[in-house]
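*Asks:* Have a look at the structure that comes next, please.
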Amino acid sequence: MTAGDLDRALLRRAIELSHRCPPSTTAFSVGCVIADRDGTVIAEGHSRRDDPHDHAEETALKALSPDDPRLAEATLYSSLEPCGHRASRPRPCAALILETPIPRIVYAWGEPPVFVPASGAKHLTDSGRSVVQVPELAEEAREANAHLPEGRP
């Protein structure tokens, strides 16, 4: 399996997780997977999994110790661009990711400016992280958000 194939497979897993989110009119439904350097999944999460204000990246990161050595070579996969601003909690997902050594972030759908301005990818890139968008999976990521105006294709 090529690196691109692995990225698409793990991003599709994140998209599958986004369909587990209870629908909300005030937040996107997002899935997240964290994989080690070999592509083995070490954590998963989705929005509103444990609390109505939870974001997917937040729930996946909670499953790992911040000093887990696997994080230094891990990739975080999110169906939606990690948020750079957040209305429901003080720390956005981009900041939570930057509190870890995770060097690479892959996402499908760029965050539409429905709830907050989209800035997560830029914030992560400006902080030295490798950020990759896989736009050919954006439509799949939008399906879990069809209940929102910006989620409709």
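Here's how to read the names in the structure tokens: chain A, B, ... by the order shown, residue numbers from 1 in each chain, ligand numbers from 1 in the order shown.
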Considering only strand (DSSP E) as DSSP defines it on the backbone, what residues of segment 13-147 of chain A qualify? List them as a list in words.
*Replies:* Gly31, Cys32, Val33, Ile34, Ala35, Val41, Ile42, Ala43, Glu44, Gly45, His46, Thr75, Leu76, Tyr77, Ser78, Ser79, Leu80, Arg104, Ile105, Val106, Tyr107, Ala108, Trp109, Ser130, Val131, Val132 and Gln133 of chain A
*Asks:* Skip segment 46-57 of chain A itself and residues of its chain fewer than 5 positions away, then list as a VMD selection string all residues within 8 Å of it, counting only C-alpha atoms.
*Replies:* chain A and resid 17 to 18 20 to 22 28 to 33 78 82 88 to 89 93 97
*Asks:* Could you save those same residues with N, CA, C and O atoms as a PDB file, in the first residue's frame?
*Replies:*
ATOM      1  N   LEU A  17     -16.317   7.430  11.123  1.00  0.00           N
ATOM      2  CA  LEU A  17     -16.565   7.832  12.508  1.00  0.00           C
ATOM      3  C   LEU A  17     -17.443   9.073  12.588  1.00  0.00           C
ATOM      4  O   LEU A  17     -18.224   9.224  13.533  1.00  0.00           O
ATOM      5  N   SER A  18     -17.349   9.965  11.607  1.00  0.00           N
ATOM      6  CA  SER A  18     -18.162  11.185  11.629  1.00  0.00           C
ATOM      7  C   SER A  18     -19.651  10.869  11.569  1.00  0.00           C
ATOM      8  O   SER A  18     -20.470  11.650  12.054  1.00  0.00           O
ATOM      9  N   ARG A  20     -21.103   8.649  13.264  1.00  0.00           N
ATOM     10  CA  ARG A  20     -21.537   8.255  14.609  1.00  0.00           C
ATOM     11  C   ARG A  20     -21.942   9.461  15.460  1.00  0.00           C
ATOM     12  O   ARG A  20     -22.487   9.283  16.546  1.00  0.00           O
ATOM     13  N   CYS A  21     -21.651  10.654  14.987  1.00  0.00           N
ATOM     14  CA  CYS A  21     -21.924  11.861  15.762  1.00  0.00           C
ATOM     15  C   CYS A  21     -23.419  12.117  15.859  1.00  0.00           C
ATOM     16  O   CYS A  21     -24.112  12.088  14.845  1.00  0.00           O
ATOM     17  N   PRO A  22     -23.902  12.435  17.060  1.00  0.00           N
ATOM     18  CA  PRO A  22     -25.278  12.914  17.137  1.00  0.00           C
ATOM     19  C   PRO A  22     -25.370  14.224  16.350  1.00  0.00           C
ATOM     20  O   PRO A  22     -24.517  15.101  16.522  1.00  0.00           O
ATOM     21  N   PHE A  28     -20.200  20.858  13.479  1.00  0.00           N
ATOM     22  CA  PHE A  28     -20.026  19.850  12.439  1.00  0.00           C
ATOM     23  C   PHE A  28     -19.882  18.463  13.052  1.00  0.00           C
ATOM     24  O   PHE A  28     -19.447  18.315  14.191  1.00  0.00           O
ATOM     25  N   SER A  29     -20.225  17.455  12.282  1.00  0.00           N
ATOM     26  CA  SER A  29     -19.993  16.055  12.643  1.00  0.00           C
ATOM     27  C   SER A  29     -18.657  15.659  12.025  1.00  0.00           C
ATOM     28  O   SER A  29     -18.501  15.685  10.805  1.00  0.00           O
ATOM     29  N   VAL A  30     -17.714  15.299  12.881  1.00  0.00           N
ATOM     30  CA  VAL A  30     -16.338  15.061  12.455  1.00  0.00           C
ATOM     31  C   VAL A  30     -15.831  13.772  13.076  1.00  0.00           C
ATOM     32  O   VAL A  30     -16.159  13.446  14.209  1.00  0.00           O
ATOM     33  N   GLY A  31     -15.006  13.058  12.328  1.00  0.00           N
ATOM     34  CA  GLY A  31     -14.326  11.876  12.832  1.00  0.00           C
ATOM     35  C   GLY A  31     -12.825  12.091  12.793  1.00  0.00           C
ATOM     36  O   GLY A  31     -12.318  12.861  11.973  1.00  0.00           O
ATOM     37  N   CYS A  32     -12.104  11.403  13.677  1.00  0.00           N
ATOM     38  CA  CYS A  32     -10.649  11.561  13.763  1.00  0.00           C
ATOM     39  C   CYS A  32      -9.996  10.220  14.066  1.00  0.00           C
ATOM     40  O   CYS A  32     -10.509   9.434  14.871  1.00  0.00           O
ATOM     41  N   VAL A  33      -8.867   9.990  13.422  1.00  0.00           N
ATOM     42  CA  VAL A  33      -8.047   8.796  13.646  1.00  0.00           C
ATOM     43  C   VAL A  33      -6.611   9.273  13.844  1.00  0.00           C
ATOM     44  O   VAL A  33      -6.139  10.147  13.118  1.00  0.00           O
ATOM     45  N   SER A  78      -8.361  13.753  10.073  1.00  0.00           N
ATOM     46  CA  SER A  78      -9.640  14.340  10.460  1.00  0.00           C
ATOM     47  C   SER A  78     -10.497  14.539   9.216  1.00  0.00           C
ATOM     48  O   SER A  78     -10.001  14.989   8.183  1.00  0.00           O
ATOM     49  N   PRO A  82      -8.985  20.705  11.223  1.00  0.00           N
ATOM     50  CA  PRO A  82      -9.042  21.009  12.651  1.00  0.00           C
ATOM     51  C   PRO A  82      -9.315  22.501  12.870  1.00  0.00           C
ATOM     52  O   PRO A  82      -8.784  23.353  12.164  1.00  0.00           O
ATOM     53  N   SER A  88     -17.177  26.858  21.604  1.00  0.00           N
ATOM     54  CA  SER A  88     -17.658  26.106  22.757  1.00  0.00           C
ATOM     55  C   SER A  88     -16.637  25.888  23.876  1.00  0.00           C
ATOM     56  O   SER A  88     -17.020  25.591  24.995  1.00  0.00           O
ATOM     57  N   ARG A  89     -15.363  26.008  23.582  1.00  0.00           N
ATOM     58  CA  ARG A  89     -14.318  25.801  24.589  1.00  0.00           C
ATOM     59  C   ARG A  89     -13.162  26.738  24.298  1.00  0.00           C
ATOM     60  O   ARG A  89     -12.989  27.193  23.168  1.00  0.00           O
ATOM     61  N   CYS A  93      -8.948  22.880  18.374  1.00  0.00           N
ATOM     62  CA  CYS A  93      -8.258  21.617  18.093  1.00  0.00           C
ATOM     63  C   CYS A  93      -6.842  21.824  17.579  1.00  0.00           C
ATOM     64  O   CYS A  93      -5.948  21.045  17.911  1.00  0.00           O
ATOM     65  N   ILE A  97      -3.620  19.981  19.182  1.00  0.00           N
ATOM     66  CA  ILE A  97      -2.662  19.199  18.397  1.00  0.00           C
ATOM     67  C   ILE A  97      -1.247  19.729  18.628  1.00  0.00           C
ATOM     68  O   ILE A  97      -0.301  18.949  18.785  1.00  0.00           O
TER      69      ILE A  97
END
*Asks:* Residues of segment 25-107 of chain A that approach segment 116-129 of chain A to 12 Å or less, counting only C-alpha atoms: could you list each one with the shortest pair of atoms and its distance in Å to one decimal, rows by chain and increasing residue number, as JSON lines?
*Replies:*
{"residue": "A:Thr26", "atom": "CA", "partner": "A:Val116", "partner_atom": "CA", "distance": 10.7}
{"residue": "A:Ala27", "atom": "CA", "partner": "A:Val116", "partner_atom": "CA", "distance": 10.0}
{"residue": "A:Phe28", "atom": "CA", "partner": "A:Val116", "partner_atom": "CA", "distance": 11.2}
{"residue": "A:Glu57", "atom": "CA", "partner": "A:Gly120", "partner_atom": "CA", "distance": 11.9}
{"residue": "A:Ala72", "atom": "CA", "partner": "A:Arg129", "partner_atom": "CA", "distance": 11.4}
{"residue": "A:Glu73", "atom": "CA", "partner": "A:Arg129", "partner_atom": "CA", "distance": 11.5}
{"residue": "A:Ala74", "atom": "CA", "partner": "A:Arg129", "partner_atom": "CA", "distance": 11.5}
{"residue": "A:Thr75", "atom": "CA", "partner": "A:Arg129", "partner_atom": "CA", "distance": 10.4}
{"residue": "A:Leu76", "atom": "CA", "partner": "A:Arg129", "partner_atom": "CA", "distance": 11.0}
{"residue": "A:Ser78", "atom": "CA", "partner": "A:Ala121", "partner_atom": "CA", "distance": 11.3}
{"residue": "A:Leu80", "atom": "CA", "partner": "A:Gly120", "partner_atom": "CA", "distance": 10.0}
{"residue": "A:Glu81", "atom": "CA", "partner": "A:Ala121", "partner_atom": "CA", "distance": 6.4}
{"residue": "A:Pro82", "atom": "CA", "partner": "A:Gly120", "partner_atom": "CA", "distance": 5.2}
{"residue": "A:Cys83", "atom": "CA", "partner": "A:Gly120", "partner_atom": "CA", "distance": 4.7}
{"residue": "A:Gly84", "atom": "CA", "partner": "A:Gly120", "partner_atom": "CA", "distance": 3.7}
{"residue": "A:His85", "atom": "CA", "partner": "A:Val116", "partner_atom": "CA", "distance": 6.1}
{"residue": "A:Arg86", "atom": "CA", "partner": "A:Val116", "partner_atom": "CA", "distance": 6.6}
{"residue": "A:Ala87", "atom": "CA", "partner": "A:Val116", "partner_atom": "CA", "distance": 7.2}
{"residue": "A:Ser88", "atom": "CA", "partner": "A:Val116", "partner_atom": "CA", "distance": 10.5}
{"residue": "A:Arg91", "atom": "CA", "partner": "A:Gly120", "partner_atom": "CA", "distance": 11.6}
{"residue": "A:Pro92", "atom": "CA", "partner": "A:Gly120", "partner_atom": "CA", "distance": 8.3}
{"residue": "A:Cys93", "atom": "CA", "partner": "A:Gly120", "partner_atom": "CA", "distance": 7.6}
{"residue": "A:Ala94", "atom": "CA", "partner": "A:Gly120", "partner_atom": "CA", "distance": 5.4}
{"residue": "A:Ala95", "atom": "CA", "partner": "A:Leu124", "partner_atom": "CA", "distance": 8.2}
{"residue": "A:Leu96", "atom": "CA", "partner": "A:Leu124", "partner_atom": "CA", "distance": 10.5}
{"residue": "A:Ile97", "atom": "CA", "partner": "A:Leu124", "partner_atom": "CA", "distance": 8.3}
{"residue": "A:Leu98", "atom": "CA", "partner": "A:Leu124", "partner_atom": "CA", "distance": 7.3}
{"residue": "A:Glu99", "atom": "CA", "partner": "A:Leu124", "partner_atom": "CA", "distance": 11.1}
{"residue": "A:Thr100", "atom": "CA", "partner": "A:Arg129", "partner_atom": "CA", "distance": 10.9}
{"residue": "A:Pro101", "atom": "CA", "partner": "A:Arg129", "partner_atom": "CA", "distance": 9.2}
{"residue": "A:Ile102", "atom": "CA", "partner": "A:Arg129", "partner_atom": "CA", "distance": 7.9}
{"residue": "A:Pro103", "atom": "CA", "partner": "A:Arg129", "partner_atom": "CA", "distance": 5.2}
{"residue": "A:Arg104", "atom": "CA", "partner": "A:Arg129", "partner_atom": "CA", "distance": 5.8}
{"residue": "A:Ile105", "atom": "CA", "partner": "A:Arg129", "partner_atom": "CA", "distance": 7.4}
{"residue": "A:Val106", "atom": "CA", "partner": "A:Ala121", "partner_atom": "CA", "distance": 9.5}
{"residue": "A:Tyr107", "atom": "CA", "partner": "A:Ala121", "partner_atom": "CA", "distance": 9.1}
*Asks:* Using only C-alpha atoms, which residue out of A:Asp38, A:Glu16, A:Glu111, A:Glu143 lies closest to Arg70 of chain A?
*Replies:*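 Among the listed residues, the smallest separation from Arg70 of chain A belongs to A:Asp38.
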*Asks:* Using only C-alpha atoms, which of the listed residues (A:Pro23, A:Gly39, A:Pro149, A:Val132) sits closest to Met1 of chain A?
*Replies:*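 Going through A:Pro23, A:Gly39, A:Pro149, A:Val132 one by one, the smallest distance to Met1 of chain A is for A:Gly39.
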*Asks:* Rounded to one decimal in Å, what is the spacing between atom CA of Pro66 of chain A and atom CA of Pro90 of chain A?
*Replies:*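 We find that atom CA of Pro66 of chain A and atom CA of Pro90 of chain A lie 18.9 Å from each other.
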*Asks:* May I have all residues of chain A that DSSP, computed from the backbone, assigns to helix (DSSP H, G or I), given as number ranges by chain?
*Replies:* A: 3-18, 56-62, 69-73, 93-98, 120-126, 135-143, 149-151
*Asks:* May I ask for the distance between atom CA of Thr25 of chain A and atom CA of Ala144 of chain A, given in Å to one decimal place?
*Replies:*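 Going from atom CA of Thr25 of chain A over to atom CA of Ala144 of chain A covers 12.3 Å.
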*Asks:* Between A:His147, A:Leu71, A:Ile34, A:Ala108, which one has atoms that come closest to Glu58 of chain A, using only C-alpha atoms?
*Replies:* A:Ile34
